[in-house]
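Colleague: Can you read through this structure? Questions will come right after.
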Amino acid sequence: MLDIKLLQNDFESVCAKLRIKKVDENLLEQMRTLSLNLKEKRKELEELQAKQNAKSKLFGVYAKEGKDIKELQEELFGYKQQTNLANAGVKVLEGELEKIASIIPNIPDPDVPAGKDENDNVELKKVLTPPVFDFVPKEHWDLSLDWLDFERGVKLAKSRFTVLKNDGAKLARALINYMLDFNAKRGFREVSVPYLANRETLYGTGQLPKFENDLFKIDGEDLFLIPTAEVPVTNLFRDEILDINDLPLMMTCYSECFRKEAGSAGRDTRGMIRQHQFSKVELVSITTPQQSDAVFESMLTCASDLLTSLGLAHRHLLLCGGDLGFGAAKTIDLEVWFPGQNRYREISSISNTRDFQARRAMIRYRDGKKNRLVHTLNGSSLAVGRTLIAIMENYQKADGSVGIPEVLQPYM
């Protein structure tokens with residue numbers, strides 16, 4: 001969540017950064033008004049508390065001097081009533097400000113370009129060269145392998161669900177195991193978490209309250225299917241104070257992910273690019289602020305090296321402010337080459353949320369005698385379905401068969 005103190009101390013500068021993320025001007029104006037009112041009410045409260053404390057100290061003096069304390073008691077009672085009213089007013093304003101702050105996105109890092117949308121993202125580099133075919137490469141849904149059954153996915157659920165069959169199912173399982181093993185060798189310890197999360201958990205990482213319509217909710221329960229393993233893995237340490245010597249905590253987790261894709265009507269309706277249920281191996285790190293940038297680079301390198309080990313050409317894209325996610329202060333996307341589509345498509349996003357999620361989830365670490373907010377980072381390593389179809393398209397042969405990357409062959 002946004003640091004309210006930062007907002008109050010440097011309102012114009014913070015709002016200028018939030019405008020990059022297309023925050024509604026009415027919300028910014030509400031925040032301004034509430035911030036000013038809260039500042040004034042707190043000042044009034046402090047003045048009343050000071051007067052109340054001063055009157056309280058007179059009791060001892062009056063007792064020594066033998067003075068009548070009746071009038072003093074009446075004055076003190078009056079100050080207590082005023083203080084209680086002022087305190088209640090402060091709490092109401094704090095609640096209103098926190099409610100608005102809960103739907104305000106994170107502030108972009110200074111090195112994030114101020115663009116409007118995905119067209120303004122900045123390519124940082126390309127890794128590997130896309131393959132050259134002596135035939136016209138097909139898109140994954142046109143390959144005759146009997147690996148992907150879209151019709152039965154619809155029959156079992158609805159559109160944007162797919163049944164994996166035969167070597168397709170085996171390849172997906174091979175990818176999951178290979179990814180987890182690869183990440184473990186890079187220092188990420190494996191965890192396994194529930195696929196259902198409660199409201200507090202989803203609030204902690206920023207999915208609630210703003211994005212509730214994008215989630216699958218369980219009827220009769222205050223539980224939701226997770227949109228990504230980032231949610232439960234980050235919240236493993238919600239409301240905890242960690243030892244600084246245990247940081248950074250670097251974790252990897254396989255999970256199924258569930259998303260309504262409410263804003264994607266008409267987009268990627270064919271194939272497995274955009275699904276309501278998909279497999280993903282996630283990277284999550286919890287660090288001190290000092291470790292944050294170095295860990296971000298190590299997560300990015302891990303995901304990129306994983307793609308390289310699979311022989312998949314990809315590129316690094318620094319997202320502009322207008323394309324940056326709600327909780328992210330900085331994101332670098334990895335986009336893999338799809339020869340059938342003749343374009344790069346996102347397969348991983350590595351994000352640093354700084355202390356945005358930690359403030360919501362109250363994840364802290366003890367630094368000497370002080371408790372400080374951690375930084376949380378997350379990233380895909382990788383989306384299993386997209387990696388599978390990237391292999392299908394990049395390793396396809398003229399006879400319609402598909403090769404398997406060498407590193408995956410022991411897993412097959």
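Starting from 1 in every chain, residues are counted up; chains themselves are A, B, ... following the order of the structure tokens, and ligands are numbered from 1 as listed.
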Quick one: residues within 12 Å of Thr288 (chain A), only C-alpha atoms, excluding same-chain residues fewer than 6 positions away - as a ChimeraX atom specification?
Modeller: /A:242-249,294-296,354-355,358,363-367,371-377
Colleague: Next, dump the selected residues to file, keeping only C-alpha atoms, as a tab-separated table (two decimals), in the first residue's frame.
Modeller:
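So the final result, stored in part.tsv, reads:
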chain	number	residue	atom	x	y	z
A	242	LEU	CA	11.76	-11.75	10.37
A	243	ASP	CA	15.36	-11.95	11.49
A	244	ILE	CA	17.60	-9.83	9.27
A	245	ASN	CA	20.10	-12.70	9.16
A	246	ASP	CA	17.49	-14.89	7.44
A	247	LEU	CA	17.14	-12.46	4.53
A	248	PRO	CA	16.92	-12.69	1.62
A	249	LEU	CA	14.31	-15.45	1.55
A	294	ALA	CA	20.60	-7.31	-6.51
A	295	VAL	CA	17.94	-9.96	-5.88
A	296	PHE	CA	15.81	-8.49	-8.70
A	354	ARG	CA	9.52	-2.48	-2.93
A	355	ASP	CA	7.64	-2.16	0.42
A	358	ALA	CA	4.90	-5.50	2.86
A	363	ILE	CA	5.88	-8.19	6.77
A	364	ARG	CA	8.81	-6.72	8.68
A	365	TYR	CA	12.34	-7.55	9.73
A	366	ARG	CA	14.24	-6.63	12.87
A	367	ASP	CA	17.20	-4.33	12.23
A	371	ASN	CA	11.33	-3.17	12.92
A	372	ARG	CA	11.39	-2.21	9.25
A	373	LEU	CA	9.32	-3.18	6.21
A	374	VAL	CA	10.82	-5.77	3.88
A	375	HIS	CA	10.86	-5.56	0.09
A	376	THR	CA	8.97	-8.25	-1.83
A	377	LEU	CA	9.71	-9.40	-5.38
Colleague: List the spatial neighbours of Pro227 (chain A) as a PyMOL selection string - criterion: any atom at most 10 Å away, only C-alpha atoms, same-chain residues fewer than 6 positions off excluded.
Modeller: chain A and resi 195-197+202+207+214-216+255-260+276-278
Colleague: For CA of Pro405 (chain A) and CA of Trp147 (chain A), quote the distance in Å rounded to one decimal.
Modeller: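 The value is 16.8 Å.
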Colleague: Hey, which of A:Thr387, A:Thr201, A:Ser309, A:Ser348 ends up closest to Met362 (chain A)? Count only C-alpha atoms.
Modeller: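 Looking at the shortest contact to Met362 (chain A), the residue is A:Thr201.
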Colleague: Grab the CA of Asn53 (chain A) to CA of Lys39 (chain A) distance for me, in Å with one decimal place.
Modeller: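 Straight-line distance from CA of Asn53 (chain A) to CA of Lys39 (chain A) works out to 21.1 Å.
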Colleague: Just list as number ranges by chain whatever in region 192-379 of chain A DSSP marks as helix (DSSP H, G or I).
Modeller: A: 199-204, 212-214, 230-237, 244-246, 292-309, 321-323, 356-361
Colleague: What separation in Å, quoted to one decimal, exists between CA of Ala329 (chain A) and CA of Thr353 (chain A)?
Modeller: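 These two atoms are separated by 5.1 Å.
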Colleague: Measuring between only C-alpha atoms, which one of A:Ser351, A:Gln73, A:Ser285, A:Asn198 shows the shortest distance to Ser56 (chain A)?
Modeller: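 Between A:Ser351, A:Gln73, A:Ser285, A:Asn198, the residue approaching Ser56 (chain A) most closely is A:Gln73.
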Colleague: Find the residues near Lys43 (chain A): any atom within 12 Å, counting only C-alpha atoms, skip ones fewer than 4 places away on the same chain, and give them as a PyMOL selection string.
Modeller: chain A and resi 36-39+47-50+83+86-87+89-90
Colleague: Select from region 270-371 of chain A every residue with an atom at most 12 Å from any atom of region 23-29 of chain A, then for each give the shortest pair of atoms and their distance in Å to one decimal, using only C-alpha atoms, rows by chain and rising number, as JSON lines.
Modeller:
{"residue": "A:Gly321", "atom": "CA", "partner": "A:Val23", "partner_atom": "CA", "distance": 11.1}
{"residue": "A:Gly322", "atom": "CA", "partner": "A:Val23", "partner_atom": "CA", "distance": 9.9}
{"residue": "A:Phe326", "atom": "CA", "partner": "A:Val23", "partner_atom": "CA", "distance": 10.3}
Colleague: Please provide as a CSV table (one decimal) with C-alpha atoms, in the first residue's frame all residues within 8 Å of Val122 (chain A), with the sequence filter that same-chain residues fewer than 4 positions apart are discarded (counting only C-alpha atoms).
Modeller:
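New file out-v9.csv:
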chain,number,residue,atom,x,y,z
A,113,PRO,CA,10.0,5.3,-18.5
A,317,LEU,CA,11.4,-5.4,-22.0
A,318,LEU,CA,11.4,-2.7,-19.4
A,319,LEU,CA,7.8,-1.8,-18.8
A,320,CYS,CA,6.7,1.8,-19.0
Colleague: Quick one: of A:Leu236, A:Lys138, A:Gln82, A:Ala184, who's nearest to Glu44 (chain A), counting only C-alpha atoms?
Modeller: A:Gln82
Colleague: Have a look at A:Gly340, A:Gly400, A:Gly379, A:Gly385 and name the one nearest to Ser304 (chain A); count only C-alpha atoms.
Modeller: A:Gly379
Colleague: Write out as a CSV table (one decimal) with N, CA and C atoms, in the first residue's frame the residues lying within 10 Å of Gln396 (chain A), counting only C-alpha atoms and excluding same-chain residues fewer than 6 positions away.
Modeller:
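What follows is the written file result-v2.csv:
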chain,number,residue,atom,x,y,z
A,133,PHE,N,13.4,-21.5,-40.6
A,133,PHE,CA,12.8,-22.7,-41.1
A,133,PHE,C,12.9,-22.7,-42.6
A,137,PRO,N,6.5,-22.2,-40.7
A,137,PRO,CA,6.1,-22.7,-39.4
A,137,PRO,C,4.7,-22.5,-39.1
A,138,LYS,N,4.1,-23.5,-38.4
A,138,LYS,CA,2.7,-23.4,-38.0
A,138,LYS,C,2.6,-22.9,-36.6
A,139,GLU,N,1.4,-22.4,-36.3
A,139,GLU,CA,1.1,-22.0,-34.9
A,139,GLU,C,0.7,-23.3,-34.2
A,140,HIS,N,0.8,-23.2,-32.8
A,140,HIS,CA,0.7,-24.4,-32.1
A,140,HIS,C,-0.6,-25.2,-32.2
A,143,LEU,N,-0.6,-27.7,-35.3
A,143,LEU,CA,0.3,-28.8,-35.3
A,143,LEU,C,-0.5,-30.1,-35.0
A,339,PRO,N,7.5,-18.5,-33.6
A,339,PRO,CA,7.7,-18.4,-35.0
A,339,PRO,C,6.4,-18.6,-35.8
A,340,GLY,N,5.4,-19.4,-35.3
A,340,GLY,CA,4.1,-19.5,-36.0
A,340,GLY,C,3.4,-18.2,-36.0
A,390,ALA,N,5.6,-22.7,-26.8
A,390,ALA,CA,6.8,-22.1,-27.5
A,390,ALA,C,7.8,-23.2,-28.0
A,402,VAL,N,7.7,-32.8,-33.4
A,402,VAL,CA,8.3,-31.7,-32.6
A,402,VAL,C,9.5,-32.3,-31.8
A,403,GLY,N,10.6,-31.6,-31.9
A,403,GLY,CA,11.8,-32.1,-31.1
A,403,GLY,C,11.7,-31.6,-29.6
A,404,ILE,N,12.4,-32.3,-28.7
A,404,ILE,CA,12.4,-32.0,-27.3
A,404,ILE,C,13.7,-31.4,-27.0
